[in-house]
>>> print(open('work.pdb').read())   # PDB, C-alpha atoms
ATOM      1  CA  MET A   1       7.242  18.001   9.626
ATOM      2  CA  ASP A   2       6.731  20.234   6.606
ATOM      3  CA  VAL A   3       3.480  22.191   6.839
ATOM      4  CA  LYS A   4       2.573  21.113   3.281
ATOM      5  CA  PHE A   5       1.443  17.815   4.778
ATOM      6  CA  ILE A   6      -1.299  19.644   6.689
ATOM      7  CA  ASN A   7      -3.187  20.122   3.424
ATOM      8  CA  ALA A   8      -3.234  16.374   2.802
ATOM      9  CA  PHE A   9      -4.864  15.819   6.191
ATOM     10  CA  THR A  10      -7.412  18.657   5.948
ATOM     11  CA  LYS A  11      -8.405  17.399   2.479
ATOM     12  CA  SER A  12      -8.813  13.850   3.769
ATOM     13  CA  ILE A  13     -10.773  14.907   6.905
ATOM     14  CA  THR A  14     -13.104  16.987   4.712
ATOM     15  CA  ASN A  15     -13.618  14.060   2.325
ATOM     16  CA  VAL A  16     -14.311  11.490   5.060
ATOM     17  CA  LEU A  17     -16.837  13.706   6.852
ATOM     18  CA  LYS A  18     -18.568  14.687   3.617
ATOM     19  CA  THR A  19     -18.726  11.160   2.168
ATOM     20  CA  MET A  20     -19.424   9.040   5.250
ATOM     21  CA  MET A  21     -21.314  11.510   7.463
ATOM     22  CA  GLU A  22     -22.682  14.089   5.007
ATOM     23  CA  LEU A  23     -21.138  16.827   7.172
ATOM     24  CA  ASP A  24     -18.991  19.886   6.587
ATOM     25  CA  VAL A  25     -15.967  20.556   8.771
ATOM     26  CA  LYS A  26     -14.306  23.823   9.802
ATOM     27  CA  PHE A  27     -10.626  23.979  10.676
ATOM     28  CA  GLY A  28      -8.941  26.137  13.314
ATOM     29  CA  LYS A  29      -5.367  27.335  12.977
ATOM     30  CA  PRO A  30      -2.926  24.389  12.936
ATOM     31  CA  HIS A  31      -0.299  24.678  15.674
ATOM     32  CA  ILE A  32       2.432  22.786  17.491
ATOM     33  CA  LYS A  33       1.050  20.909  20.487
ATOM     34  CA  GLN A  34       1.979  22.595  23.748
ATOM     35  CA  ALA A  35       2.771  20.858  27.041
ATOM     36  CA  ASP A  36      -0.330  22.383  28.675
ATOM     37  CA  ALA A  37      -2.711  21.324  25.866
ATOM     38  CA  GLU A  38      -6.152  20.132  26.992
ATOM     39  CA  LYS A  39      -6.251  16.390  27.654
ATOM     40  CA  LEU A  40      -9.151  14.563  26.022
ATOM     41  CA  ASP A  41     -11.015  11.291  26.686
ATOM     42  CA  VAL A  42     -11.004   9.219  23.490
ATOM     43  CA  SER A  43      -8.114   8.794  21.029
ATOM     44  CA  ALA A  44      -8.237   6.905  17.744
ATOM     45  CA  VAL A  45      -4.642   6.095  16.818
ATOM     46  CA  ILE A  46      -3.065   5.040  13.520
ATOM     47  CA  GLY A  47       0.638   4.325  13.088
ATOM     48  CA  LEU A  48       2.582   5.281   9.964
ATOM     49  CA  SER A  49       5.665   3.437   8.722
ATOM     50  CA  GLY A  50       7.887   3.417   5.655
ATOM     51  CA  ASP A  51       9.171   6.610   4.034
ATOM     52  CA  ALA A  52       7.136   8.589   6.570
ATOM     53  CA  SER A  53       6.791   7.229  10.088
ATOM     54  CA  GLY A  54       4.956   8.359  13.157
ATOM     55  CA  VAL A  55       1.440   8.465  14.449
ATOM     56  CA  VAL A  56      -1.887  10.127  13.708
ATOM     57  CA  VAL A  57      -4.272  10.639  16.634
ATOM     58  CA  ILE A  58      -7.860  11.834  16.404
ATOM     59  CA  ALA A  59      -8.913  12.934  19.898
ATOM     60  CA  PHE A  60     -12.320  13.805  21.326
ATOM     61  CA  ARG A  61     -14.214  14.555  24.513
ATOM     62  CA  LYS A  62     -16.258  11.446  25.378
ATOM     63  CA  GLU A  63     -19.709  12.783  24.472
ATOM     64  CA  ILE A  64     -18.443  14.187  21.172
ATOM     65  CA  ALA A  65     -16.727  10.871  20.362
ATOM     66  CA  ALA A  66     -20.050   9.070  20.920
ATOM     67  CA  ARG A  67     -21.830  11.463  18.572
ATOM     68  CA  ALA A  68     -19.078  11.114  15.942
ATOM     69  CA  ALA A  69     -19.115   7.307  16.159
ATOM     70  CA  SER A  70     -22.930   7.285  15.911
ATOM     71  CA  ARG A  71     -22.930   9.498  12.868
ATOM     72  CA  PHE A  72     -20.198   7.465  11.165
ATOM     73  CA  ALA A  73     -21.852   4.094  11.821
ATOM     74  CA  GLY A  74     -25.377   5.314  11.182
ATOM     75  CA  LEU A  75     -26.693   4.079  14.532
ATOM     76  CA  GLU A  76     -26.935   5.649  17.982
ATOM     77  CA  MET A  77     -24.194   4.552  20.360
ATOM     78  CA  THR A  78     -22.442   5.469  23.595
ATOM     79  CA  VAL A  79     -18.800   4.735  24.453
ATOM     80  CA  ASP A  80     -19.966   1.402  25.923
ATOM     81  CA  HIS A  81     -21.437   0.176  22.634
ATOM     82  CA  ALA A  82     -19.717  -2.883  21.136
ATOM     83  CA  ASP A  83     -19.044  -1.005  17.886
ATOM     84  CA  PHE A  84     -17.908   2.314  19.374
ATOM     85  CA  ALA A  85     -14.161   1.681  19.019
ATOM     86  CA  ASP A  86     -14.642  -0.015  15.656
ATOM     87  CA  SER A  87     -16.494   3.004  14.290
ATOM     88  CA  LEU A  88     -13.919   5.572  15.424
ATOM     89  CA  GLY A  89     -11.048   3.315  14.406
ATOM     90  CA  GLU A  90     -12.420   3.097  10.883
ATOM     91  CA  PHE A  91     -12.915   6.863  10.859
ATOM     92  CA  ALA A  92      -9.214   7.319  11.741
ATOM     93  CA  ASN A  93      -8.210   4.663   9.199
ATOM     94  CA  MET A  94      -9.974   6.546   6.417
ATOM     95  CA  VAL A  95      -8.468   9.896   7.451
ATOM     96  CA  ALA A  96      -4.917   8.522   7.567
ATOM     97  CA  GLY A  97      -5.372   6.446   4.406
ATOM     98  CA  GLY A  98      -6.754   9.403   2.470
ATOM     99  CA  ALA A  99      -3.919  11.655   3.614
ATOM    100  CA  LYS A 100      -1.158   9.198   2.720
ATOM    101  CA  ALA A 101      -2.585   8.873  -0.780
ATOM    102  CA  GLU A 102      -1.632  12.551  -1.245
ATOM    103  CA  PHE A 103       2.033  11.956  -0.356
ATOM    104  CA  HIS A 104       3.563  11.571  -3.817
ATOM    105  CA  GLY A 105       6.992   9.976  -3.892
ATOM    106  CA  LEU A 106       6.609   8.263  -0.533
ATOM    107  CA  ASP A 107       5.815   4.614   0.147
ATOM    108  CA  VAL A 108       3.914   4.685   3.437
ATOM    109  CA  SER A 109       1.998   1.953   5.249
ATOM    110  CA  ILE A 110      -0.639   2.528   7.901
ATOM    111  CA  SER A 111      -1.305   0.291  10.899
ATOM    112  CA  LEU A 112      -4.588  -1.183  12.009
ATOM    113  CA  PRO A 113      -6.319   1.387  14.250
ATOM    114  CA  SER A 114      -6.356   1.405  18.055
ATOM    115  CA  VAL A 115      -8.851   3.338  20.167
ATOM    116  CA  ILE A 116      -7.997   4.462  23.703
ATOM    117  CA  VAL A 117     -10.746   5.502  26.144
ATOM    118  CA  GLY A 118      -9.916   7.161  29.474
ATOM    119  CA  ASP A 119     -10.762  10.503  31.050
ATOM    120  CA  ASN A 120      -8.213  13.266  30.434
ATOM    121  CA  HIS A 121      -5.495  11.121  28.918
ATOM    122  CA  GLU A 122      -2.657  11.959  26.577
ATOM    123  CA  VAL A 123      -1.071   9.807  23.870
ATOM    124  CA  ILE A 124       2.675  10.374  24.282
ATOM    125  CA  LYS A 125       4.439  10.646  20.970
ATOM    126  CA  SER A 126       7.936  11.707  20.003
ATOM    127  CA  LYS A 127       9.732  14.506  21.831
ATOM    128  CA  VAL A 128      12.028  14.917  18.835
ATOM    129  CA  HIS A 129       9.210  15.517  16.359
ATOM    130  CA  PRO A 130       6.498  17.566  18.059
ATOM    131  CA  ALA A 131       2.868  16.905  17.224
ATOM    132  CA  LEU A 132       1.115  19.237  14.891
ATOM    133  CA  VAL A 133      -2.486  19.853  15.934
ATOM    134  CA  ILE A 134      -5.337  20.564  13.526
ATOM    135  CA  PRO A 135      -8.445  21.771  15.423
ATOM    136  CA  CYS A 136     -11.667  20.621  13.717
ATOM    137  CA  THR A 137     -15.340  21.412  14.265
ATOM    138  CA  ALA A 138     -18.290  19.552  12.750
ATOM    139  CA  GLU A 139     -21.975  19.358  13.620
ATOM    140  CA  PHE A 140     -21.322  16.700  16.286
ATOM    141  CA  GLY A 141     -18.740  18.911  18.071
ATOM    142  CA  SER A 142     -15.037  19.779  18.142
ATOM    143  CA  PHE A 143     -12.140  17.375  17.930
ATOM    144  CA  VAL A 144      -8.439  17.525  17.123
ATOM    145  CA  VAL A 145      -6.232  15.677  14.682
ATOM    146  CA  GLU A 146      -2.648  15.365  15.935
ATOM    147  CA  ILE A 147       0.098  14.405  13.517
ATOM    148  CA  CYS A 148       3.569  13.424  14.646
ATOM    149  CA  MET A 149       5.460  12.364  11.559
ATOM    150  CA  GLU A 150       9.037  12.112  10.332
ATOM    151  CA  VAL A 151       9.433  12.165   6.548
ATOM    152  CA  ARG A 152      12.600  10.529   5.210
ATOM    153  CA  LYS A 153      12.424  11.349   1.493
ATOM    154  CA  PRO A 154      11.581  14.394  -0.610
ATOM    155  CA  ALA A 155       7.915  14.366  -1.526
ATOM    156  CA  THR A 156       5.231  16.451  -3.131
ATOM    157  CA  VAL A 157       1.760  16.672  -1.671
ATOM    158  CA  GLY A 158      -1.534  16.848  -3.533
ATOM    159  CA  ALA A 159      -2.409  16.549  -7.210
TER     160      ALA A 159
ATOM    161  CA  MET B   1     -27.066 -13.292  -5.104
ATOM    162  CA  LYS B   2     -24.962 -14.514  -2.168
ATOM    163  CA  ILE B   3     -22.372 -11.920  -1.172
ATOM    164  CA  LEU B   4     -19.390 -12.324   1.158
ATOM    165  CA  LEU B   5     -18.147  -9.217   3.003
ATOM    166  CA  VAL B   6     -14.546  -9.532   4.242
ATOM    167  CA  ASP B   7     -13.580  -6.581   6.440
ATOM    168  CA  ASP B   8     -12.226  -6.394   9.989
ATOM    169  CA  SER B   9     -14.557  -3.469  10.736
ATOM    170  CA  ARG B  10     -18.087  -4.533  11.693
ATOM    171  CA  THR B  11     -19.144  -0.911  11.158
ATOM    172  CA  ILE B  12     -18.062  -1.082   7.516
ATOM    173  CA  ARG B  13     -19.713  -4.486   7.039
ATOM    174  CA  ASN B  14     -22.962  -3.044   8.426
ATOM    175  CA  ILE B  15     -22.758  -0.022   6.112
ATOM    176  CA  GLN B  16     -22.129  -2.347   3.160
ATOM    177  CA  LYS B  17     -25.030  -4.601   4.216
ATOM    178  CA  ASN B  18     -27.360  -1.587   4.231
ATOM    179  CA  ILE B  19     -26.228  -0.691   0.700
ATOM    180  CA  PHE B  20     -26.797  -4.243  -0.535
ATOM    181  CA  ALA B  21     -30.227  -4.321   1.111
ATOM    182  CA  LYS B  22     -31.147  -1.121  -0.769
ATOM    183  CA  LEU B  23     -30.007  -2.804  -4.000
ATOM    184  CA  GLY B  24     -32.186  -5.827  -3.236
ATOM    185  CA  HIS B  25     -29.395  -8.248  -2.250
ATOM    186  CA  GLU B  26     -30.238  -9.697   1.139
ATOM    187  CA  THR B  27     -28.080 -12.833   1.280
ATOM    188  CA  ILE B  28     -24.939 -11.740   3.044
ATOM    189  CA  VAL B  29     -22.208 -13.744   4.751
ATOM    190  CA  GLU B  30     -19.377 -12.085   6.660
ATOM    191  CA  ALA B  31     -15.756 -12.566   7.655
ATOM    192  CA  ALA B  32     -13.447 -10.385   9.764
ATOM    193  CA  ASP B  33     -10.166 -11.360   8.089
ATOM    194  CA  GLY B  34      -8.715 -13.316   5.188
ATOM    195  CA  VAL B  35      -8.477 -16.622   7.063
ATOM    196  CA  GLU B  36     -12.137 -16.491   8.040
ATOM    197  CA  GLY B  37     -12.938 -15.299   4.513
ATOM    198  CA  LEU B  38     -11.386 -18.398   2.899
ATOM    199  CA  LYS B  39     -13.407 -20.613   5.258
ATOM    200  CA  GLN B  40     -16.592 -18.770   4.283
ATOM    201  CA  VAL B  41     -15.784 -19.178   0.578
ATOM    202  CA  GLU B  42     -15.517 -22.931   1.065
ATOM    203  CA  ALA B  43     -18.640 -23.172   3.242
ATOM    204  CA  GLU B  44     -20.942 -20.710   1.476
ATOM    205  CA  SER B  45     -19.745 -20.484  -2.177
ATOM    206  CA  PRO B  46     -20.495 -16.740  -2.509
ATOM    207  CA  GLU B  47     -21.155 -15.250  -5.953
ATOM    208  CA  LEU B  48     -19.502 -11.894  -5.150
ATOM    209  CA  ILE B  49     -16.869 -10.892  -2.578
ATOM    210  CA  ILE B  50     -16.258  -7.399  -1.157
ATOM    211  CA  LEU B  51     -12.726  -7.354   0.238
ATOM    212  CA  ASP B  52     -10.799  -5.009   2.545
ATOM    213  CA  TRP B  53      -7.002  -4.785   2.224
ATOM    214  CA  ASN B  54      -5.612  -4.112   5.711
ATOM    215  CA  MET B  55      -6.837  -6.778   8.115
ATOM    216  CA  PRO B  56      -5.298  -8.862  10.922
ATOM    217  CA  ASN B  57      -4.305 -12.548  10.454
ATOM    218  CA  MET B  58      -4.487 -12.465   6.643
ATOM    219  CA  ASP B  59      -4.720  -9.281   4.587
ATOM    220  CA  GLY B  60      -6.907  -8.836   1.533
ATOM    221  CA  ILE B  61      -4.207  -9.176  -1.100
ATOM    222  CA  THR B  62      -3.017 -12.505   0.388
ATOM    223  CA  PHE B  63      -6.640 -13.702   0.529
ATOM    224  CA  LEU B  64      -7.108 -12.761  -3.124
ATOM    225  CA  LYS B  65      -3.902 -14.477  -4.300
ATOM    226  CA  THR B  66      -4.813 -17.610  -2.317
ATOM    227  CA  LEU B  67      -8.325 -17.629  -3.760
ATOM    228  CA  ARG B  68      -7.078 -17.339  -7.353
ATOM    229  CA  ALA B  69      -4.339 -19.932  -6.766
ATOM    230  CA  GLN B  70      -7.142 -22.328  -5.786
ATOM    231  CA  GLY B  71      -8.735 -21.672  -9.188
ATOM    232  CA  ASN B  72     -11.678 -19.775  -7.670
ATOM    233  CA  LYS B  73     -13.005 -17.165 -10.146
ATOM    234  CA  THR B  74     -15.616 -15.475  -7.901
ATOM    235  CA  PRO B  75     -15.625 -11.730  -8.697
ATOM    236  CA  VAL B  76     -13.910  -9.657  -6.003
ATOM    237  CA  ILE B  77     -14.353  -5.933  -5.394
ATOM    238  CA  MET B  78     -11.546  -4.494  -3.291
ATOM    239  CA  CYS B  79     -12.877  -1.860  -0.848
ATOM    240  CA  THR B  80      -9.986  -0.175   0.930
ATOM    241  CA  THR B  81      -8.281   3.065   1.987
ATOM    242  CA  GLU B  82      -5.300   1.988  -0.161
ATOM    243  CA  SER B  83      -5.871   4.330  -3.086
ATOM    244  CA  GLU B  84      -2.394   4.737  -4.607
ATOM    245  CA  LYS B  85      -2.150   3.663  -8.256
ATOM    246  CA  SER B  86       0.517   1.061  -7.417
ATOM    247  CA  ARG B  87      -1.869  -0.614  -4.943
ATOM    248  CA  VAL B  88      -4.742  -0.641  -7.461
ATOM    249  CA  ILE B  89      -2.466  -2.243 -10.085
ATOM    250  CA  GLN B  90      -1.267  -4.797  -7.527
ATOM    251  CA  ALA B  91      -4.868  -5.742  -6.699
ATOM    252  CA  ILE B  92      -5.959  -6.018 -10.325
ATOM    253  CA  GLN B  93      -2.890  -8.152 -11.134
ATOM    254  CA  ALA B  94      -3.779 -10.384  -8.198
ATOM    255  CA  GLY B  95      -7.239 -10.911  -9.654
ATOM    256  CA  ALA B  96      -9.506  -8.146  -8.324
ATOM    257  CA  SER B  97     -12.496  -7.431 -10.584
ATOM    258  CA  ASN B  98     -13.114  -3.878  -9.383
ATOM    259  CA  TYR B  99     -11.861  -1.343  -6.840
ATOM    260  CA  VAL B 100     -13.632   1.000  -4.421
ATOM    261  CA  VAL B 101     -11.678   3.537  -2.364
ATOM    262  CA  LYS B 102     -12.788   4.275   1.211
ATOM    263  CA  PRO B 103     -14.486   6.581   2.057
ATOM    264  CA  PHE B 104     -17.206   5.523  -0.377
ATOM    265  CA  SER B 105     -20.670   6.880  -1.015
ATOM    266  CA  THR B 106     -23.678   4.592  -1.429
ATOM    267  CA  GLU B 107     -23.842   5.675  -5.088
ATOM    268  CA  THR B 108     -20.203   4.774  -5.802
ATOM    269  CA  MET B 109     -20.500   1.397  -4.135
ATOM    270  CA  ALA B 110     -23.766   0.659  -5.956
ATOM    271  CA  GLU B 111     -22.201   1.639  -9.305
ATOM    272  CA  LYS B 112     -19.163  -0.629  -8.790
ATOM    273  CA  ILE B 113     -21.374  -3.540  -7.712
ATOM    274  CA  ASN B 114     -23.618  -3.141 -10.760
ATOM    275  CA  GLN B 115     -20.569  -2.817 -13.083
ATOM    276  CA  THR B 116     -19.080  -5.997 -11.652
ATOM    277  CA  ILE B 117     -22.315  -7.988 -11.834
ATOM    278  CA  LYS B 118     -22.807  -6.873 -15.462
ATOM    279  CA  LYS B 119     -19.236  -7.896 -16.344
ATOM    280  CA  VAL B 120     -19.772 -11.320 -14.788
ATOM    281  CA  THR B 121     -23.154 -11.976 -16.396
ATOM    282  CA  ALA B 122     -21.789 -10.816 -19.799
ATOM    283  CA  GLY B 123     -19.179 -13.579 -19.437
TER     284      GLY B 123
END
>>> encode(input="work.pdb", output="structure tokens")
Amino acid sequence: MDVKFINAFTKSITNVLKTMMELDVKFGKPHIKQADAEKLDVSAVIGLSGDASGVVVIAFRKEIAARAASRFAGLEMTVDHADFADSLGEFANMVAGGAKAEFHGLDVSISLPSVIVGDNHEVIKSKVHPALVIPCTAEFGSFVVEICMEVRKPATVGA
Amino acid sequence: MKILLVDDSRTIRNIQKNIFAKLGHETIVEAADGVEGLKQVEAESPELIILDWNMPNMDGITFLKTLRAQGNKTPVIMCTTESEKSRVIQAIQAGASNYVVKPFSTETMAEKINQTIKKVTAG
């Protein structure tokens, strides 16, 4: 995946946190996911299809996921709350939707979100197209956005 | 004013309900997809509909086309992550009255609601 797509995701993450949570976000250095990467507890997953296909995963430690979901929904919740998965799924939906809007020249569809909860799990993606990891830190804690995407057409990114 | 919120995310419906409450609109009915939305239109006769695009069972654009094919002229504000120009045009051609891109601020949503209500009351 061309690194120019990273900008589309960082822009979208910044916009979602600012607009929905009134929070700033800091980014670490994007890198290719390594085999020994830390396994996390909650993953919000969105599939991409069309001219770019793959998957976007936003992954958290459990307590940070609960704080993120609470902040997004505007009500306190734990991972057991009925709206926990809904809140994080919508968060992921907005991040992926905002990023794909920056892919000019590509017709891309996003799936409905899925949220996986389980201690120290990993969402297995493609071995052919390694996941690119964007480390993020906001007031509620640190999380990562993993992008595993194959782009089939030339595209520009951003305005 | 009776408002129908059609979105598969209860979180988003709750956020929208809070915005409407701040604007003084307390009569809200809800649906989690297009199929349920059409049933609510028939049962509740809402005066304004806020509509998501990507939903299970029946998506927002199919809901909107079905609604207009039935001759229903209730104003519809699309509220979706689908922000590409082609999608906005598709929604307007299908009969959407206004368009809000997610993520949305309270101010943006309030502005679009007021714009739409004004348009409707102006005839």
>>> residues_around(input="work.pdb", residues="range 15-32 of chain B", least_positions_apart="2", cutoff="6 Å", atoms="all atoms listed in the file", output="ChimeraX atom specification")
/B:2-8,12-13,36-37
>>> atom_distance(input="work.pdb", atom1="CA of Leu106 in chain A", atom2="CA of Ala8 in chain A")
13.2 Å
>>> atom_distance(input="work.pdb", atom1="CA of Phe27 in chain A", atom2="CA of Arg10 in chain B")
29.5 Å
>>> residues_around(input="work.pdb", residues="range 73-85 of chain A", least_positions_apart="4", cutoff="7 Å", atoms="all atoms listed in the file", output="PyMOL selection string")
(chain A and resi 66+69+89+115) or (chain B and resi 11)
>>> residues_around(input="work.pdb", residues="Met21 in chain A", least_positions_apart="2", cutoff="7 Å", atoms="only C-alpha atoms", output="list of chain:residue names")
A:Leu17, A:Lys18, A:Thr19, A:Leu23, A:Arg71, A:Phe72
>>> residues_around(input="work.pdb", residues="Met58 in chain B", least_positions_apart="6", cutoff="9 Å", atoms="only C-alpha atoms", output="list in words")
Asp33, Gly34, Val35 and Glu36 of chain B
>>> resolve_selection(input="work.pdb", expression="the PyMOL selection byres ((chain A) within 9 of (chain B))", output="list of chain:residue names")
A:Asn15, A:Val16, A:Leu17, A:Thr19, A:Met20, A:Phe72, A:Ala73, A:Gly74, A:Asp83, A:Phe84, A:Asp86, A:Ser87, A:Gly89, A:Glu90, A:Phe91, A:Asn93, A:Met94, A:Val95, A:Ala96, A:Gly97, A:Gly98, A:Lys100, A:Ala101, A:Glu102, A:Ile110, A:Ser111, A:Leu112
>>> resolve_selection(input="work.pdb", expression="the PyMOL selection byres ((chain B and resi 78) around 8)", output="list in words")
Ile50, Leu51, Asp52, Trp53, Gly60, Val76, Ile77, Cys79, Thr80, Ala91, Ala96, Ser97, Asn98, Tyr99 and Val100 of chain B
>>> write_last_selection(input="work.pdb", atoms="C-alpha atoms", output="compact mmCIF listing (two decimals), in the coordinates of the input")
# COMPACT_ATOMS: atom_id res chain seq x y z
CA ILE B 50 -16.26 -7.40 -1.16
CA LEU B 51 -12.73 -7.35 0.24
CA ASP B 52 -10.80 -5.01 2.54
CA TRP B 53 -7.00 -4.78 2.22
CA GLY B 60 -6.91 -8.84 1.53
CA VAL B 76 -13.91 -9.66 -6.00
CA ILE B 77 -14.35 -5.93 -5.39
CA CYS B 79 -12.88 -1.86 -0.85
CA THR B 80 -9.99 -0.18 0.93
CA ALA B 91 -4.87 -5.74 -6.70
CA ALA B 96 -9.51 -8.15 -8.32
CA SER B 97 -12.50 -7.43 -10.58
CA ASN B 98 -13.11 -3.88 -9.38
CA TYR B 99 -11.86 -1.34 -6.84
CA VAL B 100 -13.63 1.00 -4.42
>>> atom_distance(input="work.pdb", atom1="CA of Val56 in chain A", atom2="CA of Ala131 in chain A")
9.0 Å
>>> resolve_selection(input="work.pdb", expression="the PyMOL selection byres ((chain A and resi 116) around 10)", output="list in words")
Asp41, Val42, Ser43, Ala44, Val45, Ala59, Ala85, Gly89, Ser114, Val115, Val117, Gly118, Asp119, His121, Glu122 and Val123 of chain A
>>> closest_residue(input="work.pdb", among="B:Leu38, B:Ile49, B:Ala94, B:Ala43", to="Ile117 in chain B", atoms="only C-alpha atoms")
B:Ile49
>>> residues_around(input="work.pdb", residues="range 47-51 of chain A", least_positions_apart="2", cutoff="6 Å", atoms="all atoms listed in the file", output="list in words")
Ser53, Gly54, Val55, Leu106, Asp107, Val108, Ser109, Ile110, Ser111 and Arg152 of chain A
>>> decode(input="work.pdb", residues="range 24-39 of chain B", atoms="N, CA and C atoms", output="PDB file, in the first residue's frame")
ATOM      1  N   GLY B  24     -35.548  21.581  20.869  1.00  0.00           N
ATOM      2  CA  GLY B  24     -36.949  21.664  21.289  1.00  0.00           C
ATOM      3  C   GLY B  24     -37.864  20.678  20.593  1.00  0.00           C
ATOM      4  N   HIS B  25     -37.304  19.694  19.880  1.00  0.00           N
ATOM      5  CA  HIS B  25     -38.132  18.666  19.231  1.00  0.00           C
ATOM      6  C   HIS B  25     -38.037  17.381  20.053  1.00  0.00           C
ATOM      7  N   GLU B  26     -39.093  17.018  20.702  1.00  0.00           N
ATOM      8  CA  GLU B  26     -39.041  15.881  21.623  1.00  0.00           C
ATOM      9  C   GLU B  26     -39.728  14.633  21.065  1.00  0.00           C
ATOM     10  N   THR B  27     -40.479  14.770  19.988  1.00  0.00           N
ATOM     11  CA  THR B  27     -41.256  13.628  19.497  1.00  0.00           C
ATOM     12  C   THR B  27     -40.440  12.851  18.470  1.00  0.00           C
ATOM     13  N   ILE B  28     -39.832  11.785  18.946  1.00  0.00           N
ATOM     14  CA  ILE B  28     -38.909  11.037  18.104  1.00  0.00           C
ATOM     15  C   ILE B  28     -39.388   9.599  17.981  1.00  0.00           C
ATOM     16  N   VAL B  29     -39.390   9.070  16.764  1.00  0.00           N
ATOM     17  CA  VAL B  29     -39.575   7.636  16.563  1.00  0.00           C
ATOM     18  C   VAL B  29     -38.316   7.112  15.875  1.00  0.00           C
ATOM     19  N   GLU B  30     -38.043   5.815  16.048  1.00  0.00           N
ATOM     20  CA  GLU B  30     -36.767   5.275  15.584  1.00  0.00           C
ATOM     21  C   GLU B  30     -36.940   4.012  14.749  1.00  0.00           C
ATOM     22  N   ALA B  31     -35.945   3.774  13.894  1.00  0.00           N
ATOM     23  CA  ALA B  31     -35.891   2.522  13.138  1.00  0.00           C
ATOM     24  C   ALA B  31     -34.422   2.181  12.905  1.00  0.00           C
ATOM     25  N   ALA B  32     -34.114   0.874  12.886  1.00  0.00           N
ATOM     26  CA  ALA B  32     -32.719   0.439  12.772  1.00  0.00           C
ATOM     27  C   ALA B  32     -32.321   0.042  11.353  1.00  0.00           C
ATOM     28  N   ASP B  33     -33.277   0.080  10.425  1.00  0.00           N
ATOM     29  CA  ASP B  33     -32.955  -0.183   9.020  1.00  0.00           C
ATOM     30  C   ASP B  33     -34.102   0.327   8.150  1.00  0.00           C
ATOM     31  N   GLY B  34     -33.925   0.205   6.832  1.00  0.00           N
ATOM     32  CA  GLY B  34     -34.921   0.745   5.918  1.00  0.00           C
ATOM     33  C   GLY B  34     -36.269   0.060   6.007  1.00  0.00           C
ATOM     34  N   VAL B  35     -36.266  -1.251   6.226  1.00  0.00           N
ATOM     35  CA  VAL B  35     -37.532  -2.000   6.307  1.00  0.00           C
ATOM     36  C   VAL B  35     -38.352  -1.497   7.491  1.00  0.00           C
ATOM     37  N   GLU B  36     -37.677  -1.416   8.649  1.00  0.00           N
ATOM     38  CA  GLU B  36     -38.339  -0.920   9.851  1.00  0.00           C
ATOM     39  C   GLU B  36     -38.749   0.546   9.655  1.00  0.00           C
ATOM     40  N   GLY B  37     -37.917   1.289   8.935  1.00  0.00           N
ATOM     41  CA  GLY B  37     -38.206   2.700   8.678  1.00  0.00           C
ATOM     42  C   GLY B  37     -39.502   2.881   7.899  1.00  0.00           C
ATOM     43  N   LEU B  38     -39.702   2.053   6.858  1.00  0.00           N
ATOM     44  CA  LEU B  38     -40.936   2.160   6.057  1.00  0.00           C
ATOM     45  C   LEU B  38     -42.167   1.835   6.908  1.00  0.00           C
ATOM     46  N   LYS B  39     -42.012   0.861   7.810  1.00  0.00           N
ATOM     47  CA  LYS B  39     -43.132   0.520   8.712  1.00  0.00           C
ATOM     48  C   LYS B  39     -43.441   1.699   9.631  1.00  0.00           C
TER      49      LYS B  39
END
